[in-house]
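Chemist: Just passing along the structure, written as structure tokens.
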Amino acid sequence: MSAVDWSIVAAYLIWIVADGLRRSHHTDQVEGYFLAGRSLPWWAVGLSVMATQLSAITLVGTTGQAYATGLRFIQFYFGLPLAMILLSLTVVPFFHRAGVYTAYEYLERRFDVRTRTFAALLFLLGRTFSLGVVIAAPAVVISSIIGWSVPMTVLLLSVPMIFYTALGGVQAVAWTDVKQMVLIVAGIAAAVVVLLAGIPREVGVGRALELAGATGRLQSVDFTFDLRETYTFWSGMVGGLFLALAYFGCDQSQVQRYLTARSVDEARHSLLMSAYVKIPLQFLILATGVLVFVFYVFHAPPMLFNRVHDARVASSPRAGEYAALEREFNRTIEARRVAAASGDRAAFLERDRAVNAIRARAIDIVKDASGDRQYADVNYVFPTFITTRMPVGLVGLMLAAIFAAAMSTAAGELAALSSATVIDIYRRHVVKDATDAHYLRVSKLATLGWGLFACVVAMSASNQGSLIEVVNRYGSFFYGSLLGVFMLAILTTRATAAGAFWGLVAGMAVVLVVAFTTSVAFLWHNLIGAVVVVVVGLAISAASPGRTARASV
Amino acid sequence: MENLSATYVKILALEAAVIVLLWVLGRLYV
């Protein structure tokens with residue numbers, strides 16, 4: 001990377017920390033620290049919600065996925081706009097009027113302290129490890145770009161983020177999120193311009209789209225109803241709806257965002273911003289990945305983008321076989337380029353299939369030679385394009401955008417972990433009657449502590465690719481069940497405390513069984529968890545009369 | 001509280017339009 005690009009990344013890091021710290025002057029109370037004094041405008045909250053959700057994994061992994069398979073992943077977001085509407089009608093007014101700090105605090109008002117604490121602990125358990133992964137996954141990719149070790153890259157990402165989050169609280173997180181979101185969109189736009197400029201003039205965008213379409217990469221809507229298929233119209237509309245309801249309605253990292261809004265209406269508008277923008281933004285990110293594919297049809301790509309095991313392969317007994325495969329790959333890539341440029345569709349598709357087959361064989365050799373069974377290539381496609389094909393200056397901008405995506409998500413989760421720890425556990429169970437200054441000190445220490453713990457998790461997680469999948473699956477275990485409890489709390493007056501608690505336990509248990517004994521795709525776990533909690537919760541409530549009145553808010 | 005019914009309708013109409021456009025895109029470029 002050039003000195004100019006390094007300067008841009010350094011300037012970004014200094015600017016974002018300075019901006020975060022500037023906000024810390026307004027956080028001398030717990031309410032200011034965790035909820036920004038409920039003073040933020042809807043557009044800032046809306047951008048912060050989107051920045052927290054758009055992680056570096058989304059930016060780098062989704063473009064890589066679109067490069068490999070196309071636009072299908074967009075179906076994942078089809079349920080999101082409806083979820084935002086339902087939440088703005090139900091949960092948002094409830095939480096806001098209740099004047100709570102965390103989503104789980106509301107559960108005690110409606111049910112009992114047992115359900116609140118259980119829900120908060122579920123959130124803390126899930127988010128601690130996911131925060132580690134949110135830092136580790138981009139750190140692995142960024143380390144390959146900048147040439148630093150993974151632990152050093154983890155520190156480069158985390159230390160500035162922990163610093164401004166611990167000192168500035170949610171106020172610092174939200175305002176830095178706004179700037180980071182702008183930077184991310186600017187970075188993607190710059191990449192799209194470079195990609196479009198890279199399509200040969202005689203080919204043009206229309207023919208480029210035909211090439212992408214011929215390989216199935218523009219097939220984005222699949223109406224097949226198959227519970228085992230991860231991305232279909234139905235899994236996105238139904239499973240995705242429940243996932244979005246759970247994520248935006250029950251996950252403190254999102255709830256905390258819209259609790260910072262000035263009023264109920266501003267909070268509702270902040271969520272509706274995602275309803276408008278999320279699918280088009282995700283389309284832009286996926287389309288970038290498809291454009292990277294088209295770009296590499298006309299500009300020779302490397303056989304594999306993830307070069308982390310190059311040295312091991314070169315010194316392994318299969319080095320000769322790998323080198324021969326690389327020569328065959330280069331010949332096939334050139335033949336594919338010629339077929340694409342001449343408009344020979346059948347020849348292009350035949351060569352493209354050959355390219356994919358060679359890549360699959362190369363991945364097998366790398367796995368065999370390195371012993372790394374988790375070796376994957378897709379996350380390295382976009383970073384490779386950035387570092388080898390983008391002009392000086394834009395490389396720094398893009399890298400800053402990836403940093404921004406990673407830091408905004410991690411900061412949001414860190415602030416949420418700290419608030420749930422202090423409000424739902426420490427203030428409720430450990431020290432109940434202390435001064436505001438005491439809780440503010442503890443809150444800052446909790447943020448710092450969780451940040452350091454996440455660094456340690458990130459450094460150990462970076463060696464274990466499978467951990468990412470474990471964390472994703474774990475998220476689906478409890479998201480649907482948590483949603484079920486909030487549905488019992490808000491939508492009916494019949495649920496009792498016992499019903500809510502045992503419903504939650506039953507929901508978790510059923511999802512666990514479904515996840516490990518069937519091949520039902522994980523998006524459906526959210527629906528199953530929510531339905532089981534509601535059904536079991538209502539059945540137990542009917543059998544055991546207790547506190548049923550809806551909490552006044 | 002502000003009545004956002006018109007906004008909700010606009011959001012759902014926009015989403016339906018986007019899904020139709022994506023489907024058409026997939027049909028046009030096969």
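Just remember, in the structure tokens the first chain shown is A, the second B, etc., residues are 1-based per chain, and ligands are 1-based in the order shown.
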Tell me which protein, DNA and RNA residues are within 12 Å of Ala16 of chain B, counting only C-alpha atoms, leaving out same-chain ones fewer than 5 positions away, and put them as a list in words.
Modeler: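 Here the answer would be Phe78, Gly79, Pro81, Leu82, Met237, Tyr276 and Ile279 of chain A; Val9, Lys10, Ile11, Leu21, Leu22 and Trp23 of chain B.
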Chemist: Could the residues in this selection be written to a file with N, CA, C and O atoms, as a PDB file, in the first residue's frame?
Modeler:
```
ATOM      1  N   PHE A  78     -35.836  -9.322   2.192  1.00  0.00           N
ATOM      2  CA  PHE A  78     -37.195  -9.021   1.723  1.00  0.00           C
ATOM      3  C   PHE A  78     -38.186  -8.787   2.873  1.00  0.00           C
ATOM      4  O   PHE A  78     -39.145  -8.034   2.725  1.00  0.00           O
ATOM      5  N   GLY A  79     -37.959  -9.427   4.023  1.00  0.00           N
ATOM      6  CA  GLY A  79     -38.891  -9.257   5.143  1.00  0.00           C
ATOM      7  C   GLY A  79     -38.636  -7.995   5.958  1.00  0.00           C
ATOM      8  O   GLY A  79     -39.441  -7.621   6.804  1.00  0.00           O
ATOM      9  N   PRO A  81     -38.475  -4.536   5.324  1.00  0.00           N
ATOM     10  CA  PRO A  81     -39.351  -3.353   5.334  1.00  0.00           C
ATOM     11  C   PRO A  81     -40.635  -3.574   6.141  1.00  0.00           C
ATOM     12  O   PRO A  81     -41.028  -2.712   6.937  1.00  0.00           O
ATOM     13  N   LEU A  82     -41.258  -4.756   5.983  1.00  0.00           N
ATOM     14  CA  LEU A  82     -42.482  -5.032   6.733  1.00  0.00           C
ATOM     15  C   LEU A  82     -42.182  -5.088   8.237  1.00  0.00           C
ATOM     16  O   LEU A  82     -42.968  -4.599   9.059  1.00  0.00           O
ATOM     17  N   MET A 237     -39.024 -13.556   2.953  1.00  0.00           N
ATOM     18  CA  MET A 237     -40.234 -12.842   3.361  1.00  0.00           C
ATOM     19  C   MET A 237     -40.698 -13.268   4.754  1.00  0.00           C
ATOM     20  O   MET A 237     -41.122 -12.441   5.549  1.00  0.00           O
ATOM     21  N   TYR A 276     -36.825   1.965   3.793  1.00  0.00           N
ATOM     22  CA  TYR A 276     -36.667   2.541   2.449  1.00  0.00           C
ATOM     23  C   TYR A 276     -35.342   2.135   1.805  1.00  0.00           C
ATOM     24  O   TYR A 276     -35.283   1.788   0.634  1.00  0.00           O
ATOM     25  N   ILE A 279     -32.838  -2.398   1.205  1.00  0.00           N
ATOM     26  CA  ILE A 279     -32.788  -3.285   0.029  1.00  0.00           C
ATOM     27  C   ILE A 279     -32.000  -2.625  -1.124  1.00  0.00           C
ATOM     28  O   ILE A 279     -31.110  -3.265  -1.696  1.00  0.00           O
TER      29      ILE A 279
ATOM     30  N   VAL B   9     -47.637   2.585   3.305  1.00  0.00           N
ATOM     31  CA  VAL B   9     -48.095   2.148   1.980  1.00  0.00           C
ATOM     32  C   VAL B   9     -46.999   2.390   0.943  1.00  0.00           C
ATOM     33  O   VAL B   9     -46.705   1.530   0.100  1.00  0.00           O
ATOM     34  N   LYS B  10     -46.336   3.570   1.049  1.00  0.00           N
ATOM     35  CA  LYS B  10     -45.266   3.897   0.093  1.00  0.00           C
ATOM     36  C   LYS B  10     -44.122   2.888   0.206  1.00  0.00           C
ATOM     37  O   LYS B  10     -43.573   2.441  -0.798  1.00  0.00           O
ATOM     38  N   ILE B  11     -43.767   2.531   1.437  1.00  0.00           N
ATOM     39  CA  ILE B  11     -42.662   1.580   1.646  1.00  0.00           C
ATOM     40  C   ILE B  11     -43.006   0.227   1.024  1.00  0.00           C
ATOM     41  O   ILE B  11     -42.189  -0.368   0.303  1.00  0.00           O
ATOM     42  N   LEU B  21     -38.893  -5.551 -10.251  1.00  0.00           N
ATOM     43  CA  LEU B  21     -37.761  -5.139 -11.096  1.00  0.00           C
ATOM     44  C   LEU B  21     -36.632  -6.177 -11.071  1.00  0.00           C
ATOM     45  O   LEU B  21     -36.055  -6.516 -12.106  1.00  0.00           O
ATOM     46  N   LEU B  22     -36.354  -6.693  -9.868  1.00  0.00           N
ATOM     47  CA  LEU B  22     -35.297  -7.708  -9.740  1.00  0.00           C
ATOM     48  C   LEU B  22     -35.680  -8.964 -10.511  1.00  0.00           C
ATOM     49  O   LEU B  22     -34.848  -9.588 -11.178  1.00  0.00           O
ATOM     50  N   TRP B  23     -36.952  -9.327 -10.432  1.00  0.00           N
ATOM     51  CA  TRP B  23     -37.433 -10.523 -11.131  1.00  0.00           C
ATOM     52  C   TRP B  23     -37.317 -10.319 -12.649  1.00  0.00           C
ATOM     53  O   TRP B  23     -36.861 -11.196 -13.370  1.00  0.00           O
TER      54      TRP B  23
END
```
Chemist: When you get a sec, could you note down which chain A residues fall within 8 Å of chain B, using only C-alpha atoms, as a PyMOL selection string?
Modeler: chain A and resi 78+81-82+85+209-210+212-216+218-221+264-265+275-276
Chemist: Skipping near chain neighbours, those fewer than 3 positions away, what residues fall within 10 Å of Val255 of chain A using only C-alpha atoms, listed as an mmCIF file with C-alpha atoms, in the first residue's frame?
Modeler:
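Output file around-v2.cif is given in full below:
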```cif
data_model
loop_
_atom_site.group_PDB
_atom_site.id
_atom_site.type_symbol
_atom_site.label_atom_id
_atom_site.label_comp_id
_atom_site.auth_asym_id
_atom_site.auth_seq_id
_atom_site.Cartn_x
_atom_site.Cartn_y
_atom_site.Cartn_z
ATOM 1 C CA VAL A 49 -28.983 1.809 12.917
ATOM 2 C CA VAL A 91 -42.331 -2.026 20.014
ATOM 3 C CA VAL A 92 -40.988 1.489 19.408
ATOM 4 C CA PHE A 95 -40.108 1.111 24.731
ATOM 5 C CA HIS A 96 -40.057 4.863 24.356
ATOM 6 C CA TYR A 101 -32.610 1.861 29.109
ATOM 7 C CA THR A 102 -32.692 -1.668 27.721
ATOM 8 C CA ALA A 103 -35.232 -3.858 25.962
ATOM 9 C CA TYR A 247 -32.957 -8.249 15.585
ATOM 10 C CA PHE A 248 -34.432 -4.740 15.503
ATOM 11 C CA GLY A 249 -37.051 -5.367 18.196
ATOM 12 C CA CYS A 250 -35.193 -7.377 20.860
ATOM 13 C CA ASP A 251 -31.457 -6.973 20.300
ATOM 14 C CA GLN A 252 -30.149 -4.249 22.583
ATOM 15 C CA TYR A 258 -33.759 4.165 18.578
ATOM 16 C CA LEU A 259 -34.099 4.823 22.315
ATOM 17 C CA THR A 260 -31.675 7.711 21.717
ATOM 18 C CA ALA A 267 -37.594 6.858 16.614
ATOM 19 C CA ALA A 416 -25.175 -2.539 24.057
#
```
Chemist: Do a neighbour search on Val430 of chain A at 12 Å with only C-alpha atoms, toss out local chain neighbours closer than 6 positions, and write the hits as a list in words.
Modeler: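 Answer for this query is Thr421, Val422, Ile423, Asp424, Tyr439 and Val442 of chain A.
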Chemist: Please produce an output containing all heavy atoms for each residue in the selection, written as a short mmCIF file (atom, residue, chain, number, x, y, z; two decimals), in the first residue's frame.
Modeler:
```
data_model
loop_
_atom_site.label_atom_id
_atom_site.label_comp_id
_atom_site.auth_asym_id
_atom_site.auth_seq_id
_atom_site.Cartn_x
_atom_site.Cartn_y
_atom_site.Cartn_z
N THR A 421 -25.23 -5.07 30.78
CA THR A 421 -24.49 -5.50 31.97
C THR A 421 -24.78 -4.60 33.16
O THR A 421 -25.08 -5.08 34.26
CB THR A 421 -22.96 -5.46 31.69
OG1 THR A 421 -22.69 -6.21 30.52
CG2 THR A 421 -22.17 -6.04 32.85
N VAL A 422 -24.71 -3.28 32.94
CA VAL A 422 -24.87 -2.35 34.06
C VAL A 422 -26.34 -2.23 34.47
O VAL A 422 -26.68 -2.32 35.65
CB VAL A 422 -24.30 -0.96 33.69
CG1 VAL A 422 -24.57 0.05 34.79
CG2 VAL A 422 -22.80 -1.08 33.43
N ILE A 423 -27.23 -2.05 33.49
CA ILE A 423 -28.64 -1.78 33.83
C ILE A 423 -29.37 -3.07 34.26
O ILE A 423 -30.10 -3.07 35.26
CB ILE A 423 -29.38 -1.14 32.62
CG1 ILE A 423 -28.67 0.13 32.17
CG2 ILE A 423 -30.85 -0.89 32.95
CD1 ILE A 423 -28.68 1.26 33.16
N ASP A 424 -29.18 -4.16 33.52
CA ASP A 424 -29.97 -5.37 33.80
C ASP A 424 -29.33 -6.29 34.84
O ASP A 424 -30.03 -7.08 35.47
CB ASP A 424 -30.20 -6.17 32.50
CG ASP A 424 -31.09 -5.42 31.53
OD1 ASP A 424 -32.12 -4.91 31.98
OD2 ASP A 424 -30.72 -5.31 30.34
N TYR A 439 -22.67 4.78 38.84
CA TYR A 439 -23.09 3.93 37.71
C TYR A 439 -22.40 4.35 36.40
O TYR A 439 -22.10 3.52 35.55
CB TYR A 439 -24.61 3.96 37.54
CG TYR A 439 -25.34 3.23 38.67
CD1 TYR A 439 -26.29 3.88 39.44
CD2 TYR A 439 -25.05 1.89 38.94
CE1 TYR A 439 -26.94 3.22 40.47
CE2 TYR A 439 -25.70 1.23 39.98
CZ TYR A 439 -26.63 1.89 40.74
OH TYR A 439 -27.27 1.23 41.76
N VAL A 442 -18.96 2.85 36.52
CA VAL A 442 -19.06 1.40 36.26
C VAL A 442 -19.36 1.15 34.78
O VAL A 442 -18.81 0.22 34.18
CB VAL A 442 -20.14 0.76 37.16
CG1 VAL A 442 -20.36 -0.70 36.80
CG2 VAL A 442 -19.74 0.88 38.62
#
```
Chemist: One number please: atom CA of Pro200 of chain A to atom CA of Phe329 of chain A, in Å, one decimal.
Modeler: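 So the two atoms, atom CA of Pro200 of chain A and atom CA of Phe329 of chain A, lie 21.8 Å apart.
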Chemist: To one decimal in Å, tell me the separation between atom CA of Ala376 of chain A and atom CA of Glu326 of chain A.
Modeler: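 Straight-line distance from atom CA of Ala376 of chain A to atom CA of Glu326 of chain A works out to 17.7 Å.
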